[in-house]
Each structure stands twice: as C-alpha cells, then as structure tokens.
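Novice: Please read through the structure below; I'll follow up with questions.
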Number of protein chains: 2
Amino acid sequence: MTGQVRTVDGRVAGRRGQATRQKLLDCLSEMLSSSPYRDVKVIDVARKAGTSPATFYQYFPDVEGAVLEIAEQMAAEGASLTELLEGRSWAGKAGWQTAQELVDGFLEFWRKNDAILRVVDLGAAEGDKRFYKLRMKILNSVNNSLADSVAELQAKGRVDKDVNPAAVAGSLVAMLAAVASHQKGFSSWGVKQAELKPNLALLVHLGVTGRKPTR
Amino acid sequence: MTGQVRTVDGRVAGRRGQATRQKLLDCLSEMLSSSPYRDVKVIDVARKAGTSPATFYQYFPDVEGAVLEIAEQMAAEGASLTELLEGRSWAGKAGWQTAQELVDGFLEFWRKNDAILRVVDLGAAEGDKRFYKLRMKILNSVNNSLADSVAELQAKGRVDKDVNPAAVAGSLVAMLAAVASHQKGFSSWGVKQAELKPNLALLVHLGVTGRKPTR
DNA sequence: CGGTAAGCTGACGTCATGACAGGACAAGTG
DNA sequence: CACTTGTCCTGTCATGACGTCAGCTTACCG
C-alpha cells in the first residue's frame, strides 16, 4: 500500500534516510506555525534540522512538496472525524448532543493542525488541484456524513424538499473550518471560545434539522 | 483625509509618481490572480509594469506592504456591503428577501476581489495584526448589522435568550466568506452555484431568526 | 576486506532582494 | 534660452536564497 519511500533521484530510503526525512518534515511543520508561509525558506528548515539544504532537496522537490507530504499524513488522521457523526441521532436531546460533539471535535482537530491547514486552504483557494483534493479528503468524511443525515431527515419529511443536502453540509463544514481558523479573531472581537461553541452547535443543528434543539 | 502619498524615503509623490505607483498596484493585483502568492516576485511585478524593481521599492517597503495598500482600497469599497442590511426586515417574506440579497451581494463582492481577499485571509489567520484588522474592517459592517438584527429579535423575545448575537453573526459571516472563497470547490463537488445560493440564504435566515423562511 | 548503494555536503551558477547614487525629465525663474 | 530645482527612474552592487552536481563518507553484505 504505502509504496517505498524514495529520494528525488530514485533511490530507496533506508532507516537513517527516513529519520532525516521525518526530521525535516517535523521542522518544517514547526516553522509553519511560527512564521508566515511566504517566509519559510528551505535553508532555515535545513539549519533547524541540523542538516544542509542539499539534503532537503534529496527528499523533496520543493517546500510545497514537503507540505503536501505533511498534509497527507494529517489527512489520514482526519478520517477519524467521521466517528463524530457515525450512527448518531439528530432527534431530541441526542441531536443537541451530536451537534455539540461535532463542533467540539472539529474545532479541536483544526486547532491542533492549524498551521498546515492554513496552507492547504490557501493552496486550495488558489486553485491548486493537489491541495484542493487534499482538502476534500479531509473534509469529505464529515461532509458526507452530514449530507447523509440531512438527506435522511428529508426522506422522512422532516426537512423541506427543496433543500440540497450537499450544499447545506458543505456550507456548514466550511463555516466550521473558517471559524476554526479565525478563532483568535473572535476572541479579540469580544466573543469567548466557550460562548462560541454552543452558538456554532446551534447553527449546525438548525442547518441539519431546520429546528431549534431541545436541550 | 487621505494623507499625501509618500515614497519610502519620505518625498511627496507627484502626478507621474502616483501613476507609476498605481500601475504597480494594478500589476501586482493581476499577478495575484494568476499565480500563487508565494511565487509573486517584485521583479515580475516591476517588469509587468514596464519599470524596474528599484522603482517598486521606492513606493513600497515590500510585497506585503503593497498588498496591504490594495486591500485598503478594497476595504473602502467593501463598506458598501452595509447597504445589504441597512433598514431591512427579517420578518415574513421580506426576511427571505433580505437573506437572499445578503448572500448574493456578499458572494459577488468576494468573487470580484477573491485574489486579494485570499491573501488577507491568510495573513489574518497567520496572526498578522494589520491583515487581521483589515479583515475586520471589511467584515465589520456586515457583521455588526447582522449582530444588531439578532439582538433586536432577541429583545422582542423572538430569539432565545442564550444566543450570543455576536457569535452567531460572526459565524454566519465566516461561513459566507469561506463558501465564497471555495466556490469552485463546491461546483466540482456536484453543487451548482445556483443551488448553493438559496441554501446559503436558508442557513442565514435560520441563524438570524431561528425559523424557516416563509417564501 | 572489498564492493555497492545509501546518505550527506561543499561549492557553484543563477536569481531576487533591497539600497544607493546619479542621470533624466518636467516646471518654473530670470 | 540657459539655469535651477525637485521629482522620478534606473544602473549597479553586496547579500543571500535557490537548486544542482560531483564527490566524499558511512553502513551493510558476502
């Protein structure tokens, strides 16, 4: 499944090589959280990893390539976001619970990976297909589950016919992602995180079911 | 109001100078729509404007500085977004109309300025105060109006007490912005723009009033 | 111990950056 | 018309990052 790790010039990476490679990824990841993406230089990453720029280019074609690698690793973890929705109910008190847990889990995931997610978001917005697909991969699990929930409620006649489940789900997920990446913005705008969450959950619940939650 | 335009070394720019300056801004703006932010180089902008890099540095400290300038111009135009909400009603059919027009106007504005808004978003997400403030400035008009609407309905008892108007408004605006910058994402996901808008309007209406719109 | 492939780096040509000094040019003055 | 003044632009340069290559070192294996 996971094809052998290879250097740019085609050699197979051994134990030591993989270690250096991983160290470079870790350092890049760290740099991304502490300085603007635009200012991240190969030479700094290499220095931080205690190696030389040439070594970096042995494992990655460029900074973007390495970022994609990190993002790919993260996307794998992101699949676990599905659990936030699998088999959950949207009826009554359980529905409110579901909405809250979704918001909680989502914000937490985003907070933990914010640096790399920012870059993925930018790449996707700029139209880069690779980043765009990656973003889909990360969001798809949540997105699909949400859309399914809406479609299901719709089939039961509890949601209007003219609602497009995919559009609603996509919009809600986009909202969660956007709020997550601008969390600091909210807090210095006078809205505390603790206040933010229930209001987000409310919006999610409203969007999915069309009704206010019963708490 | 608009203090005199000055060069980096403090001289006042005359007619000709302002023209070159503007030309540089226009070219930068154009480059931002056609290539990734990370790859925009001063030398390319200068070449495109038919001048030299040295000239660029006479008017702007760096690329970021020029971007801020463009964004500032755009923020001024963005103030007109307030009109989308000023004096509008959220009751009955008029409410549905209001929601639709808000979504329409917002998406249009974002589409028209997407390149520069992407960069502002990234800068804000990375924690740069200048970009962060700018983003606020652009969104504040809509944000405040929305929050006011919610607060008003809340005072009338038509919205639950435990709703935080600022949090809801902020989340809805964030949603609109996020969906706008990933419009292409939706379309290639199987959701057409025409379908997207009414669903967004529905979510906005639900969020503000807590009820489904009457159409 | 010798061979082979992996792993790393010094050194190099290329190019963007950012600063400066000085040339070009328009406008006003005697 | 020559001269001055202040704006505007560019040639040039030192610095430093980029990305490549040849070649050195290290590890593994028979």
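Identifiers in this document derive from the order of the structure tokens: chains are assigned A, B, ..., residues are numbered from 1 separately in each chain, and ligands are numbered from 1 in order of occurrence.
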At a cut-off of 12 Å, using only C-alpha atoms (C1' of nucleotides), what residues contact Ser171 of chain A? Leave out same-chain residues fewer than 4 positions from it and give the result as number ranges by chain.
Specialist: A: 139, 142-143, 146-147, 164-167, 175-178, 203-204, 207-208; B: 171-183, 185-186, 191, 195-204
Novice: Given the selection you just returned, output its residues as a file containing N, CA and C atoms, formatted as a short mmCIF file (atom, residue, chain, number, x, y, z; two decimals), in the first residue's frame.
Specialist:
```cif
data_model
loop_
_atom_site.label_atom_id
_atom_site.label_comp_id
_atom_site.auth_asym_id
_atom_site.auth_seq_id
_atom_site.Cartn_x
_atom_site.Cartn_y
_atom_site.Cartn_z
N LEU A 139 -12.14 16.88 4.54
CA LEU A 139 -13.49 17.31 4.90
C LEU A 139 -14.56 16.32 4.48
N VAL A 142 -16.62 14.17 7.14
CA VAL A 142 -17.64 14.94 7.85
C VAL A 142 -18.73 15.38 6.89
N ASN A 143 -18.29 15.89 5.75
CA ASN A 143 -19.22 16.41 4.76
C ASN A 143 -20.26 15.36 4.34
N LEU A 146 -22.66 14.40 7.15
CA LEU A 146 -23.65 15.45 7.36
C LEU A 146 -24.71 15.44 6.27
N ALA A 147 -24.23 15.35 5.02
CA ALA A 147 -25.17 15.34 3.90
C ALA A 147 -26.13 14.16 4.02
N ASN A 164 -30.95 21.31 -0.55
CA ASN A 164 -29.94 20.47 -1.17
C ASN A 164 -28.96 20.00 -0.08
N PRO A 165 -29.03 18.72 0.28
CA PRO A 165 -28.22 18.24 1.41
C PRO A 165 -26.73 18.53 1.24
N ALA A 166 -26.23 18.31 0.05
CA ALA A 166 -24.80 18.53 -0.18
C ALA A 166 -24.42 19.99 0.03
N ALA A 167 -25.28 20.89 -0.45
CA ALA A 167 -24.97 22.31 -0.32
C ALA A 167 -24.99 22.74 1.14
N MET A 175 -18.19 26.63 7.26
CA MET A 175 -18.32 27.53 8.41
C MET A 175 -17.45 27.07 9.56
N LEU A 176 -17.54 25.80 9.87
CA LEU A 176 -16.73 25.28 10.98
C LEU A 176 -15.25 25.51 10.71
N ALA A 177 -14.82 25.21 9.49
CA ALA A 177 -13.41 25.37 9.16
C ALA A 177 -12.99 26.83 9.27
N ALA A 178 -13.84 27.72 8.76
CA ALA A 178 -13.48 29.14 8.76
C ALA A 178 -13.43 29.68 10.18
N LEU A 203 -26.18 26.62 15.32
CA LEU A 203 -26.28 26.82 13.87
C LEU A 203 -26.23 25.50 13.12
N VAL A 204 -25.38 24.60 13.57
CA VAL A 204 -25.28 23.30 12.92
C VAL A 204 -26.61 22.56 13.06
N GLY A 207 -29.20 24.06 10.87
CA GLY A 207 -28.94 23.77 9.47
C GLY A 207 -29.33 22.35 9.10
N VAL A 208 -28.98 21.40 9.94
CA VAL A 208 -29.24 20.00 9.62
C VAL A 208 -30.72 19.67 9.75
N SER B 171 -20.12 33.84 12.98
CA SER B 171 -20.07 32.53 12.36
C SER B 171 -20.71 32.54 10.98
N LEU B 172 -21.82 33.24 10.85
CA LEU B 172 -22.51 33.30 9.56
C LEU B 172 -21.64 34.03 8.53
N VAL B 173 -21.04 35.13 8.97
CA VAL B 173 -20.18 35.87 8.05
C VAL B 173 -18.98 35.02 7.63
N ALA B 174 -18.41 34.32 8.61
CA ALA B 174 -17.28 33.44 8.31
C ALA B 174 -17.71 32.39 7.29
N MET B 175 -18.91 31.87 7.46
CA MET B 175 -19.42 30.88 6.51
C MET B 175 -19.52 31.45 5.11
N LEU B 176 -20.11 32.62 5.02
CA LEU B 176 -20.25 33.25 3.70
C LEU B 176 -18.87 33.45 3.06
N ALA B 177 -17.94 33.96 3.84
CA ALA B 177 -16.60 34.20 3.30
C ALA B 177 -15.95 32.90 2.85
N ALA B 178 -16.07 31.86 3.67
CA ALA B 178 -15.42 30.60 3.35
C ALA B 178 -16.03 29.97 2.11
N VAL B 179 -17.35 29.96 2.06
CA VAL B 179 -18.01 29.38 0.88
C VAL B 179 -17.61 30.16 -0.36
N ALA B 180 -17.55 31.49 -0.21
CA ALA B 180 -17.20 32.31 -1.36
C ALA B 180 -15.81 31.98 -1.88
N SER B 181 -14.86 31.76 -0.98
CA SER B 181 -13.51 31.51 -1.48
C SER B 181 -13.31 30.08 -1.96
N HIS B 182 -14.28 29.23 -1.68
CA HIS B 182 -14.15 27.86 -2.19
C HIS B 182 -15.30 27.52 -3.13
N GLN B 183 -15.80 28.54 -3.82
CA GLN B 183 -16.92 28.32 -4.73
C GLN B 183 -16.61 27.24 -5.75
N GLY B 185 -14.68 24.80 -5.39
CA GLY B 185 -14.73 23.52 -4.70
C GLY B 185 -16.12 22.93 -4.73
N PHE B 186 -17.10 23.73 -4.41
CA PHE B 186 -18.48 23.24 -4.41
C PHE B 186 -18.90 22.78 -5.79
N VAL B 191 -22.28 20.54 -6.58
CA VAL B 191 -23.27 21.55 -6.18
C VAL B 191 -23.10 22.77 -7.06
N GLU B 195 -27.73 26.49 -7.09
CA GLU B 195 -28.30 25.73 -5.99
C GLU B 195 -27.75 26.18 -4.65
N LEU B 196 -26.51 26.61 -4.70
CA LEU B 196 -25.81 26.97 -3.47
C LEU B 196 -26.46 28.17 -2.80
N LYS B 197 -26.76 29.18 -3.61
CA LYS B 197 -27.25 30.44 -3.04
C LYS B 197 -28.49 30.30 -2.16
N PRO B 198 -29.57 29.67 -2.67
CA PRO B 198 -30.75 29.58 -1.80
C PRO B 198 -30.48 28.80 -0.52
N ASN B 199 -29.62 27.81 -0.59
CA ASN B 199 -29.32 27.04 0.60
C ASN B 199 -28.54 27.87 1.62
N LEU B 200 -27.64 28.70 1.11
CA LEU B 200 -26.92 29.61 1.99
C LEU B 200 -27.89 30.59 2.63
N ALA B 201 -28.78 31.12 1.79
CA ALA B 201 -29.76 32.09 2.30
C ALA B 201 -30.61 31.44 3.39
N LEU B 202 -30.96 30.18 3.17
CA LEU B 202 -31.73 29.46 4.17
C LEU B 202 -30.98 29.39 5.49
N LEU B 203 -29.72 29.03 5.43
CA LEU B 203 -28.91 28.93 6.64
C LEU B 203 -28.81 30.28 7.35
N VAL B 204 -28.62 31.33 6.56
CA VAL B 204 -28.54 32.66 7.15
C VAL B 204 -29.85 33.01 7.86
#
```
Novice: Kindly assemble as JSON lines a list of the chain C residues that lie within 8 Å of chain A, each paired with its nearest atom pair and their distance in Å to one decimal, using only C-alpha atoms (C1' of nucleotides), sorted first by chain and then by ascending residue number.
Specialist:
```
{"residue": "C:DA6", "atom": "C1'", "partner": "A:Gly14", "partner_atom": "CA", "distance": 7.2}
{"residue": "C:DG7", "atom": "C1'", "partner": "A:Gly17", "partner_atom": "CA", "distance": 6.7}
{"residue": "C:DC8", "atom": "C1'", "partner": "A:Thr55", "partner_atom": "CA", "distance": 6.6}
{"residue": "C:DT9", "atom": "C1'", "partner": "A:Ser52", "partner_atom": "CA", "distance": 6.9}
```
Novice: Do you have, as a tab-separated table, the list of residues of chain A lying at most 9 Å from chain D, each with its nearest atom pair and that distance in Å to one decimal, counting only C-alpha atoms (C1' of nucleotides) and ordered by chain then number?
Specialist:
```
residue	atom	partner	partner_atom	distance
A:Lys41	CA	D:DA17	C1'	7.7
A:Val42	CA	D:DA17	C1'	8.3
A:Ile43	CA	D:DA17	C1'	7.4
A:Ala54	CA	D:DG19	C1'	8.1
A:Tyr57	CA	D:DG19	C1'	7.7
```
Novice: Can you spit out the residues from that selection as a compact mmCIF listing (two decimals), in the first residue's frame, using N, CA, C and O atoms?
Specialist:
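The result, written out as again.txt:
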```txt
# COMPACT_ATOMS: atom_id res chain seq x y z
N LYS A 41 11.86 29.37 4.43
CA LYS A 41 12.91 29.11 3.44
C LYS A 41 13.50 27.73 3.68
O LYS A 41 13.66 27.30 4.82
N VAL A 42 13.85 27.07 2.59
CA VAL A 42 14.47 25.76 2.68
C VAL A 42 15.68 25.80 3.60
O VAL A 42 15.89 24.92 4.43
N ILE A 43 16.47 26.86 3.45
CA ILE A 43 17.72 26.92 4.21
C ILE A 43 17.46 26.95 5.71
O ILE A 43 18.21 26.35 6.49
N ALA A 54 20.97 20.96 0.65
CA ALA A 54 21.07 19.92 -0.38
C ALA A 54 20.34 18.65 0.05
O ALA A 54 19.74 17.96 -0.76
N TYR A 57 16.66 18.84 -0.57
CA TYR A 57 16.28 18.63 -1.98
C TYR A 57 16.44 17.17 -2.41
O TYR A 57 16.05 16.80 -3.50
```
Novice: My list of candidates is A:Val159, A:Val67, A:Met136, A:Ala49. Which is closest to Leu32 of chain A when distances are computed with only C-alpha atoms?
Specialist: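 The shortest atom-to-atom distance to Leu32 of chain A comes from A:Val67.
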Novice: Measuring between only C-alpha atoms, which one of A:Thr214, A:Gln154, A:Gln18, A:Ser33 shows the shortest distance to chain B?
Specialist: A:Ser33
Novice: With distances taken over only C-alpha atoms, which of B:Thr98, B:Ser141, B:Ser149, B:Ser34 is nearest to chain A?
Specialist: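 Checking each candidate against chain A, we get B:Ser34 as the closest.
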Novice: In Å, with one decimal, what is the gap from atom CA of Arg88 of chain A to atom CA of Asp114 of chain A?
Specialist: 26.8 Å
Novice: Quick one, how far is atom CA of Val119 of chain B from atom CA of Trp110 of chain A?
Specialist: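 So the answer is 19.8 Å.
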Novice: Which distance in Å separates atom CA of Gly105 of chain A and atom CA of Ala76 of chain A, to one decimal?
Specialist: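 According to the coordinates, atom CA of Gly105 of chain A and atom CA of Ala76 of chain A are separated by 15.7 Å.
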Novice: So which residues of segment 3-67 of chain B fall under helix (DSSP H, G or I) by DSSP, listed as a VMD selection string?
Specialist: chain B and resid 15 to 34 37 to 39 42 to 48 53 to 59 63 to 67
Novice: Which residue, A:Ala91, A:Ile138, A:Leu206, A:Leu117, has the smallest gap to chain B when you use only C-alpha atoms?
Specialist: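 Once distances to chain B are computed over only C-alpha atoms, the minimum belongs to A:Leu206.
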Novice: If you count only C-alpha atoms (C1' of nucleotides), which residues fall within 9 Å of Asp26 of chain A, apart from same-chain ones fewer than 4 positions away, as a list in words?
Specialist: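 What passes the distance filter is Arg21, Gln22, Glu30, Met31, Ala49 and Ile70 of chain A.
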Novice: Would you export the selected residues with N, CA, C and O atoms as a compact mmCIF listing (two decimals), in the first residue's frame, please?
Specialist:
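Saved file part12.txt follows:
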```txt
# COMPACT_ATOMS: atom_id res chain seq x y z
N ARG A 21 14.50 12.46 6.81
CA ARG A 21 13.32 12.93 6.10
C ARG A 21 12.23 13.38 7.07
O ARG A 21 11.67 14.47 6.96
N GLN A 22 11.98 12.53 8.07
CA GLN A 22 10.94 12.84 9.04
C GLN A 22 11.32 14.08 9.85
O GLN A 22 10.49 14.94 10.13
N GLU A 30 7.02 22.81 12.25
CA GLU A 30 7.21 23.75 13.35
C GLU A 30 7.40 25.17 12.83
O GLU A 30 6.84 26.12 13.37
N MET A 31 8.17 25.29 11.75
CA MET A 31 8.41 26.61 11.18
C MET A 31 7.10 27.23 10.69
O MET A 31 6.88 28.43 10.82
N ALA A 49 17.02 21.54 11.21
CA ALA A 49 17.09 20.09 11.30
C ALA A 49 18.54 19.62 11.44
O ALA A 49 18.83 18.43 11.46
N ILE A 70 3.22 16.41 4.60
CA ILE A 70 2.70 16.59 5.95
C ILE A 70 1.18 16.54 5.95
O ILE A 70 0.55 15.87 6.77
```
